[in-house]
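Participant: Shown below is the structure under consideration.
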Amino acid sequence: MPQLNSSLAAWGAVAAHANELSKAHLRDLSVADSQRWQNLHVEHDTWLLDVSRQRITARTLSLLIELARSAGLAARIAAMFRGDPINTTEQRAALHTALRSDFAGSADIQAEVRASREKLSGFAGAVRSGNALGVTGKTFKHVVNIGIGGSDLGPLLVCDALRHEWSGGITPHFVSNVDRTQLDDLIRSVDPAETLVIVCSKTFTTQETRANANAARTWIVGALGEKAAARHFVAVSTNAAAMDAFGIAAEHRFTMWDWVGGRYSVWSAIGLIAEIVVGSERFQEFLAGASDIDRHFTQAPFEKNLPVLMGLLGVWNRSFLKLPTLAVLPYDQRLARLPAYLQQLEMESNGKSVNLAGEQVDFPTAPVVWGQPASNAQHSFFQMLHQGTPTAALDFIAPMRGSWGGTEAQDLALQNCLAQSQAFAFGYTREEVAADMRKAGAGAADIARLVAHRVHEGNRPSSLLLYPRTTARSLGGLLALYEHSVFVQGSVWGVNSFDQFGVELGKKLAGGISMKGDRAPSGCGAAGLAALIAYVIKHR
Ligand code: F6P
């Protein structure tokens with residue numbers, strides 16, 4: 001009889017330890033252990049993970065590692081890389097690692113991946129070199145990715161993060177929102193004769209993508225004639241029949257597999273736009289960076305294993321310290337899209353409330369993930385992070401050099417990153433506030449009036465991930481670190497990180513609604529819904 005992982009003895013031991021630690025402030029923990037930084041950071045290759053500002057001790061990590069062992073993490077990692085159907089609700093493997101690591105999945109799968117890679121780099125090369133031309137004979141200067149969710153966020157992040165690696169004079173564009181605004185803006189700014197459209201949809205049934213793809217087709221065919229569709233459209237999907245119906249030419253179809261989840265698909269043909277924009281050599285480096293982390297994840301002992309530690313701290317902060325949110329704070333504008341990417345990765349994967357056996361869990365799972373480049377965030381929501389009532393867990397992510405290779409401006413970023421993580425951890429006490437105010441010449445009355453407003457309680461836990469520079473290789477590594485951290489958390493919580501039934505109900509209900517008012521709504525709340533539709537029809 002399967003049981004909740006919270007009934008494991010190791011879970012109980014972590015809970016008891018969390019209780020003991022609940023009164024400890026990071027100031028006390030820091031004073032108590034002069035070797036704290038040495039004991040609570042891990043280096044691997046060019047990565048450094050500093051967890052010394054998490055609300056933990058070395059014992060916390062040992063207990064969490066014991067919990068991971070009791071939850072069968074090692075066996076689950078092996079099962080994932082073997083290609084077992086660990087997505088049990090859908091009876092599928094989760095083999096995104098096979099797209100970048102030759103030791104994942106079967107020989108047959110590896111052969112299919114190689115064949116697909118060859119076709120992709122051949123096509124990307126043809127577009128870049130001008131061998132693939134538009135219907136009027138012009139070279140492609142613009143590539144548009146039409147997709148949503150995992151068929152948008154990954155390629156968008158990679159293109160944005162590697163802007164300094166763009167070559168070949170091709171500009172990427174992204175259309176995801178069903179409201180058509182992105183496509184309308186695009187149509188006004190580019191020449192259709194120089195535009196290649198990639199329709200990315202694993203299922204090819206996604207309403208938003210189909211609507212945008214149809215509108216793009218109308219635009220291209222309207223401007224260049226019916227024959228243009230075959231030259232100007234490419235598709236990435238598992239759905240051959242839908243690609244037939246859309247008129248995608250055979251040589252313009254790129255395979256997906258059901259063992260690649262949407263939010264894990266940037267390594268597949270879904271990454272085609274990025275490969276066209278940065279070139280296949282850079283894209284291979286992106287894959288190699290992820291593969292480095294796959295190897296590390298499968299081989300390093302848990303004590304030194306970065307994604308294992310990141311995942312276990314995620315479980316600690318969410319399920320034991322009960323911190324409701326995780327703020328992702330990159331000190332690199334290149335990673336502006338990372339929080340949105342991680343939102344889907346973490347929240348669609350682990351936003352679950354039943355375990356693999358379908359039993360209701362009795363502990364909190366995935367946190368709300370949010371964030372933005374930290375330099376800007378310091379001047380907006382950091383106030384609340386420092387002094388507000390909810391406490392968030394924080395992930396600081398910082399390259400040691402700017403993406404252009406220099407250190408001067410990045411030193412300012414790093415200086416802020418380190419200062420903020422110290423302030424979050426250790427705060428600013430009443431005594432310190434009063435002493436600083438006295439030094440600045442404030443009188444007793446002002447000090448009494450202001451001291452409470454200036455105090456920073458501190459004890460806000462954070463991790464810091466440092467690496468040399470945002471490149472194709474480090475970006476691949478960074479995404480793989482988070483993917484595996486999500487897997488570790490899902491494994492310890494005992495949930496299926498690879499399905500997403502929660503997104504289905506809204507889609508189904510949307511299909512039953514007509515904004516023309518020609519179909520009466522049915523089901524619970526139908527009267528209210530009918531009134532709302534009538535309001536829209538009357539007032540717009
Ligand atoms: O609605 C959620 C979702 O299924 C995501 O999991 C997925 O990334 C996205 O929609 C897009 O799906 P598709 O690639 O099939 O269009």
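Scheme for the structure tokens: letters A, B, ... for chains in order shown; per-chain residue numbers from 1; ligand numbers from 1 in order shown.
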What parts of range 215-442 of chain A does DSSP call alpha helix (DSSP H)? I'd like the answer as a ChimeraX atom specification.

Facilitator: /A:215-224,228-232,240-246,272-278,280-299,306-315,338-342,349-350,374-377,382-387,408-426,430-439

Participant: Please, which residues have at least one atom within 8 Å of an atom of ligand 1, using only C-alpha atoms and all ligand atoms, listed as a list in words?

Facilitator: Gly147, Ile148, Gly149, Gly150, Ser151, Asp152, Cys200, Ser201, Lys202, Thr203, Phe204, Thr205, Thr206, Gln207, Thr209, Ser237, Gly261, Gly262, Arg263, Glu348, Asp499, Gln500, Val503, Glu504 and Lys507 of chain A

Participant: Keeping only N, CA and C atoms, write those residues as a PDB file, in the first residue's frame.

Facilitator:
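Contents of result30.pdb, freshly written:
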```
ATOM      1  N   GLY A 147       4.102  29.779 -30.724  1.00  0.00           N
ATOM      2  CA  GLY A 147       3.919  28.696 -29.759  1.00  0.00           C
ATOM      3  C   GLY A 147       3.596  29.313 -28.423  1.00  0.00           C
ATOM      4  N   ILE A 148       3.262  28.475 -27.453  1.00  0.00           N
ATOM      5  CA  ILE A 148       2.914  29.016 -26.129  1.00  0.00           C
ATOM      6  C   ILE A 148       3.384  28.037 -25.061  1.00  0.00           C
ATOM      7  N   GLY A 149       3.541  28.510 -23.834  1.00  0.00           N
ATOM      8  CA  GLY A 149       4.009  27.634 -22.745  1.00  0.00           C
ATOM      9  C   GLY A 149       5.409  27.138 -23.071  1.00  0.00           C
ATOM     10  N   GLY A 150       5.601  25.841 -22.961  1.00  0.00           N
ATOM     11  CA  GLY A 150       6.917  25.258 -23.229  1.00  0.00           C
ATOM     12  C   GLY A 150       7.353  25.433 -24.679  1.00  0.00           C
ATOM     13  N   SER A 151       6.416  25.701 -25.569  1.00  0.00           N
ATOM     14  CA  SER A 151       6.775  25.894 -26.974  1.00  0.00           C
ATOM     15  C   SER A 151       7.107  27.357 -27.269  1.00  0.00           C
ATOM     16  N   ASP A 152       7.242  28.139 -26.211  1.00  0.00           N
ATOM     17  CA  ASP A 152       7.565  29.567 -26.352  1.00  0.00           C
ATOM     18  C   ASP A 152       8.645  29.980 -25.345  1.00  0.00           C
ATOM     19  N   CYS A 200       5.388  26.012 -33.438  1.00  0.00           N
ATOM     20  CA  CYS A 200       5.848  25.040 -32.449  1.00  0.00           C
ATOM     21  C   CYS A 200       4.676  24.602 -31.599  1.00  0.00           C
ATOM     22  N   SER A 201       4.288  23.369 -31.724  1.00  0.00           N
ATOM     23  CA  SER A 201       3.221  22.864 -30.857  1.00  0.00           C
ATOM     24  C   SER A 201       3.337  21.355 -30.821  1.00  0.00           C
ATOM     25  N   LYS A 202       3.667  20.846 -29.652  1.00  0.00           N
ATOM     26  CA  LYS A 202       3.807  19.396 -29.527  1.00  0.00           C
ATOM     27  C   LYS A 202       2.518  18.711 -29.996  1.00  0.00           C
ATOM     28  N   THR A 203       1.383  19.251 -29.594  1.00  0.00           N
ATOM     29  CA  THR A 203       0.105  18.606 -29.931  1.00  0.00           C
ATOM     30  C   THR A 203      -0.500  19.131 -31.228  1.00  0.00           C
ATOM     31  N   PHE A 204      -0.179  20.339 -31.594  1.00  0.00           N
ATOM     32  CA  PHE A 204      -0.796  21.063 -32.712  1.00  0.00           C
ATOM     33  C   PHE A 204      -2.299  21.237 -32.502  1.00  0.00           C
ATOM     34  N   THR A 205      -2.739  21.132 -31.263  1.00  0.00           N
ATOM     35  CA  THR A 205      -4.166  21.346 -30.990  1.00  0.00           C
ATOM     36  C   THR A 205      -4.362  22.566 -30.101  1.00  0.00           C
ATOM     37  N   THR A 206      -3.275  23.205 -29.670  1.00  0.00           N
ATOM     38  CA  THR A 206      -3.387  24.313 -28.725  1.00  0.00           C
ATOM     39  C   THR A 206      -4.072  25.503 -29.388  1.00  0.00           C
ATOM     40  N   GLN A 207      -5.168  25.941 -28.786  1.00  0.00           N
ATOM     41  CA  GLN A 207      -6.028  26.959 -29.407  1.00  0.00           C
ATOM     42  C   GLN A 207      -5.250  28.223 -29.775  1.00  0.00           C
ATOM     43  N   THR A 209      -2.053  28.748 -30.286  1.00  0.00           N
ATOM     44  CA  THR A 209      -1.064  28.566 -31.354  1.00  0.00           C
ATOM     45  C   THR A 209      -1.750  28.379 -32.699  1.00  0.00           C
ATOM     46  N   SER A 237       6.196  19.317 -34.256  1.00  0.00           N
ATOM     47  CA  SER A 237       5.017  18.727 -33.617  1.00  0.00           C
ATOM     48  C   SER A 237       5.112  17.205 -33.631  1.00  0.00           C
ATOM     49  N   GLY A 261       8.322  16.429 -22.418  1.00  0.00           N
ATOM     50  CA  GLY A 261       7.253  17.317 -21.942  1.00  0.00           C
ATOM     51  C   GLY A 261       7.461  18.723 -22.489  1.00  0.00           C
ATOM     52  N   GLY A 262       6.387  19.485 -22.674  1.00  0.00           N
ATOM     53  CA  GLY A 262       6.486  20.833 -23.231  1.00  0.00           C
ATOM     54  C   GLY A 262       7.503  21.702 -22.497  1.00  0.00           C
ATOM     55  N   ARG A 263       7.457  21.694 -21.170  1.00  0.00           N
ATOM     56  CA  ARG A 263       8.349  22.574 -20.390  1.00  0.00           C
ATOM     57  C   ARG A 263       9.780  22.055 -20.335  1.00  0.00           C
ATOM     58  N   GLU A 348       4.216  24.151 -13.082  1.00  0.00           N
ATOM     59  CA  GLU A 348       3.445  23.173 -13.860  1.00  0.00           C
ATOM     60  C   GLU A 348       3.906  21.755 -13.500  1.00  0.00           C
ATOM     61  N   ASP A 499       3.061  15.469 -15.543  1.00  0.00           N
ATOM     62  CA  ASP A 499       1.748  15.687 -16.176  1.00  0.00           C
ATOM     63  C   ASP A 499       1.268  17.097 -15.827  1.00  0.00           C
ATOM     64  N   GLN A 500       0.125  17.516 -16.375  1.00  0.00           N
ATOM     65  CA  GLN A 500      -0.399  18.870 -16.106  1.00  0.00           C
ATOM     66  C   GLN A 500      -1.910  18.887 -16.327  1.00  0.00           C
ATOM     67  N   VAL A 503      -4.321  22.115 -16.232  1.00  0.00           N
ATOM     68  CA  VAL A 503      -4.560  23.134 -17.263  1.00  0.00           C
ATOM     69  C   VAL A 503      -5.732  22.743 -18.184  1.00  0.00           C
ATOM     70  N   GLU A 504      -6.247  21.523 -17.995  1.00  0.00           N
ATOM     71  CA  GLU A 504      -7.241  21.014 -18.950  1.00  0.00           C
ATOM     72  C   GLU A 504      -8.636  21.594 -18.760  1.00  0.00           C
ATOM     73  N   LYS A 507      -9.343  24.892 -20.396  1.00  0.00           N
ATOM     74  CA  LYS A 507      -9.375  24.760 -21.861  1.00  0.00           C
ATOM     75  C   LYS A 507     -10.728  24.198 -22.294  1.00  0.00           C
TER      76      LYS A 507
END
```

Participant: Write out as a ChimeraX atom specification which residues come within 7 Å of range 281-287 of chain A when counting only C-alpha atoms, dropping same-chain ones fewer than 4 positions away.

Facilitator: /A:100,267,275,291,472-473,475-476

Participant: Using only C-alpha atoms, find each residue in range 476-534 of chain A having at least one atom no more than 10 Å away from range 88-98 of chain A; report its shortest atom-to-atom pair and that distance in Å (one decimal), rows by chain then rising number, as a Markdown table.

Facilitator:
```
| residue | atom | partner | partner_atom | distance |
| --- | --- | --- | --- | --- |
| A:Ala480 | CA | A:Thr97 | CA | 8.8 |
| A:Glu483 | CA | A:His96 | CA | 9.9 |
| A:Asn496 | CA | A:Thr88 | CA | 7.3 |
| A:Ser497 | CA | A:Ala94 | CA | 9.5 |
| A:Phe498 | CA | A:Ala94 | CA | 7.1 |
| A:Asp499 | CA | A:Thr89 | CA | 7.1 |
| A:Gln500 | CA | A:Thr89 | CA | 9.9 |
| A:Phe501 | CA | A:Thr89 | CA | 9.6 |
```

Participant: Near Phe140 in chain A, within 10 Å and counting only C-alpha atoms, which residues show up once chain neighbours fewer than 4 positions away are dropped, as a PyMOL selection string?

Facilitator: chain A and resi 127-134+169-171+191-196+232

Participant: When you look at Leu481 in chain A with a cut-off of 10 Å (counting only C-alpha atoms), what residues show up, excluding the ones that are within fewer than 4 positions of it in the same chain? I need them as a PyMOL selection string.

Facilitator: chain A and resi 290+292-294+296-297+305-308+310-311+475-477+485-487

Participant: Output C-alpha atoms for every residue in the selection just made, as a short mmCIF file (atom, residue, chain, number, x, y, z; two decimals), in the first residue's frame.

Facilitator:
```cif
data_model
loop_
_atom_site.label_atom_id
_atom_site.label_comp_id
_atom_site.auth_asym_id
_atom_site.auth_seq_id
_atom_site.Cartn_x
_atom_site.Cartn_y
_atom_site.Cartn_z
CA ALA A 290 23.10 20.65 -19.89
CA ASP A 292 27.61 18.31 -18.06
CA ILE A 293 24.95 18.75 -15.40
CA ASP A 294 23.19 15.49 -16.35
CA HIS A 296 27.03 15.45 -12.47
CA PHE A 297 23.44 14.76 -11.34
CA ASN A 305 25.33 17.18 -5.96
CA LEU A 306 24.14 20.68 -6.91
CA PRO A 307 20.64 19.88 -8.20
CA VAL A 308 20.05 17.45 -5.35
CA MET A 310 18.96 22.81 -4.64
CA GLY A 311 15.93 20.51 -4.74
CA LEU A 475 22.85 28.66 -19.87
CA GLY A 476 22.36 24.98 -20.74
CA GLY A 477 23.86 24.04 -17.38
CA SER A 485 16.11 20.38 -8.83
CA VAL A 486 12.41 20.26 -9.78
CA PHE A 487 12.69 16.49 -10.27
#
```

Participant: Which neighbours of Arg36 in chain A fall inside 9 Å, counting only C-alpha atoms, when residues of the same chain fewer than 6 positions from it are skipped, and could you give them as a list in words?

Facilitator: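 Result of the neighbour search: Leu29, Ser30, Ser52, Thr57 and Ala58 of chain A.
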
Participant: Just N, CA, C and O atoms for this one: save the residues we selected as an mmCIF file, in the first residue's frame.

Facilitator:
```
data_model
loop_
_atom_site.group_PDB
_atom_site.id
_atom_site.type_symbol
_atom_site.label_atom_id
_atom_site.label_comp_id
_atom_site.auth_asym_id
_atom_site.auth_seq_id
_atom_site.Cartn_x
_atom_site.Cartn_y
_atom_site.Cartn_z
ATOM 1 N N LEU A 29 23.125 31.335 13.872
ATOM 2 C CA LEU A 29 23.726 30.198 13.173
ATOM 3 C C LEU A 29 25.106 30.580 12.647
ATOM 4 O O LEU A 29 26.051 29.785 12.684
ATOM 5 N N SER A 30 25.223 31.816 12.216
ATOM 6 C CA SER A 30 26.490 32.269 11.656
ATOM 7 C C SER A 30 27.555 32.405 12.756
ATOM 8 O O SER A 30 28.699 31.984 12.583
ATOM 9 N N SER A 52 25.008 28.989 2.522
ATOM 10 C CA SER A 52 25.298 29.357 3.915
ATOM 11 C C SER A 52 24.305 30.382 4.452
ATOM 12 O O SER A 52 24.251 30.606 5.658
ATOM 13 N N THR A 57 21.611 24.073 9.112
ATOM 14 C CA THR A 57 22.940 23.741 9.622
ATOM 15 C C THR A 57 23.417 22.541 8.789
ATOM 16 O O THR A 57 22.649 22.014 7.962
ATOM 17 N N ALA A 58 24.629 22.104 9.067
ATOM 18 C CA ALA A 58 25.121 20.929 8.333
ATOM 19 C C ALA A 58 24.210 19.730 8.608
ATOM 20 O O ALA A 58 23.970 18.886 7.741
#
```

Participant: Give me, as a Markdown table, the closest atom pair and its distance (Å, one decimal) for every residue of range 396-497 of chain A within a cut-off of 9 Å of range 63-86 of chain A, counting only C-alpha atoms, rows sorted by chain and rising number.

Facilitator:
```
| residue | atom | partner | partner_atom | distance |
| --- | --- | --- | --- | --- |
| A:Phe487 | CA | A:Ile77 | CA | 8.5 |
| A:Val488 | CA | A:Leu73 | CA | 7.0 |
| A:Ser491 | CA | A:Leu73 | CA | 6.3 |
| A:Val492 | CA | A:Ala71 | CA | 5.6 |
| A:Trp493 | CA | A:Ala71 | CA | 8.3 |
| A:Gly494 | CA | A:Ala71 | CA | 7.6 |
| A:Asn496 | CA | A:Ile86 | CA | 7.8 |
```

Participant: Okay, now the selection with C-alpha atoms, as a PDB file, in the first residue's frame?

Facilitator:
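Resulting contents of result_23.pdb:
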```
ATOM      1  CA  PHE A 487      12.686  16.492 -10.267  1.00  0.00           C
ATOM      2  CA  VAL A 488      14.309  16.077  -6.852  1.00  0.00           C
ATOM      3  CA  SER A 491      10.480  12.841  -6.007  1.00  0.00           C
ATOM      4  CA  VAL A 492      10.667  13.808  -2.332  1.00  0.00           C
ATOM      5  CA  TRP A 493       7.054  15.005  -2.414  1.00  0.00           C
ATOM      6  CA  GLY A 494       6.114  11.810  -4.263  1.00  0.00           C
ATOM      7  CA  ASN A 496       4.206  13.249 -10.765  1.00  0.00           C
TER       8      ASN A 496
END
```

Participant: Once DSSP has gone over the backbone, tell me which residues of range 130-333 of chain A are in strand (DSSP E or B), as a PyMOL selection string.

Facilitator: chain A and resi 133+139+142-146+171-175+195-200+233-237+253-255+325-330

Participant: Include C-alpha atoms and write out the residues we just selected as a compact mmCIF listing (two decimals), in the first residue's frame.

Facilitator:
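The file below, result04.txt, is the result:
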```txt
# COMPACT_ATOMS: atom_id res chain seq x y z
CA LEU A 133 15.05 31.19 -49.49
CA THR A 139 16.91 35.46 -47.81
CA HIS A 142 13.26 37.36 -39.56
CA VAL A 143 12.23 34.13 -37.90
CA VAL A 144 8.97 34.00 -35.95
CA ASN A 145 8.24 31.36 -33.33
CA ILE A 146 4.53 30.76 -32.88
CA THR A 171 16.21 38.50 -35.85
CA PRO A 172 13.94 36.26 -33.75
CA HIS A 173 10.35 37.19 -32.91
CA PHE A 174 7.86 35.46 -30.65
CA VAL A 175 4.10 35.22 -30.92
CA THR A 195 10.09 36.06 -42.84
CA LEU A 196 10.16 32.40 -41.85
CA VAL A 197 7.50 31.18 -39.42
CA ILE A 198 8.06 28.22 -37.11
CA VAL A 199 4.87 26.81 -35.65
CA CYS A 200 5.85 25.04 -32.45
CA PHE A 233 6.24 27.80 -42.74
CA VAL A 234 8.01 25.17 -40.70
CA ALA A 235 6.45 23.10 -37.91
CA VAL A 236 7.60 21.20 -34.85
CA SER A 237 5.02 18.73 -33.62
CA ARG A 253 8.56 19.15 -40.43
CA PHE A 254 10.58 18.49 -37.32
CA THR A 255 9.87 15.67 -34.97
CA THR A 325 7.06 31.74 -2.55
CA LEU A 326 10.43 31.55 -4.27
CA ALA A 327 11.81 34.74 -5.79
CA VAL A 328 14.25 34.14 -8.66
CA LEU A 329 16.70 37.04 -8.75
CA PRO A 330 19.30 37.00 -11.52
```

Participant: To one decimal in Å, tell me the separation between CA of Asp436 in chain A and CA of Asn416 in chain A.

Facilitator: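 Here the two named atoms are 20.6 Å from each other.
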
Participant: With distances taken over only C-alpha atoms, which residue among A:Met256, A:Ala215, A:Leu162, A:Val51 lies nearest Thr471 in chain A?

Facilitator: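 Closest to Thr471 in chain A of all the choices is A:Leu162.
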
Participant: Quick one: everything within 12 Å of range 382-394 of chain A, counting only C-alpha atoms, minus sequence neighbours fewer than 6 positions away in the same chain. Send it as JSON, numbers by chain.

Facilitator: {"A": [51, 53, 54, 55, 310, 313, 314, 315, 316, 317, 318, 319, 321, 322, 323, 324, 325, 326, 327, 328, 329, 330, 339, 367, 368, 369, 370, 371, 372, 373, 374, 375, 376, 417, 420, 421, 422, 423, 424, 425, 426, 427, 428, 452, 453, 454, 455, 456, 457, 458, 459, 460, 461, 462, 463, 464, 465]}

Participant: What is the CA of Ser62 in chain A to CA of Asp45 in chain A distance in Å?

Facilitator: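 One can read the CA of Ser62 in chain A to CA of Asp45 in chain A distance as 22.8 Å.
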
Participant: Just checking: using only C-alpha atoms, which residue out of A:Tyr535, A:Trp219, A:Tyr467, A:Tyr264 ends up closest to Trp47 in chain A?

Facilitator: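 Closest to Trp47 in chain A of all the choices is A:Tyr467.
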
Participant: As an exercise, work out the distance from CA of Gly402 in chain A to CA of Arg469 in chain A in Å and give it to one decimal place.

Facilitator: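 CA of Gly402 in chain A sits 6.3 Å away from CA of Arg469 in chain A.
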
Participant: Using only C-alpha atoms for the distances, tell me which of A:Leu479, A:Ile513, A:Ala16, A:Ile270 is nearest to Leu338 in chain A.

Facilitator: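 So, comparing all the options, the nearest one is A:Leu479.
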
Participant: My list of candidates is A:Ser522, A:Ser268, A:Arg449, A:Val361. Which is closest to Glu118 in chain A when distances are computed with only C-alpha atoms?

Facilitator: A:Ser268
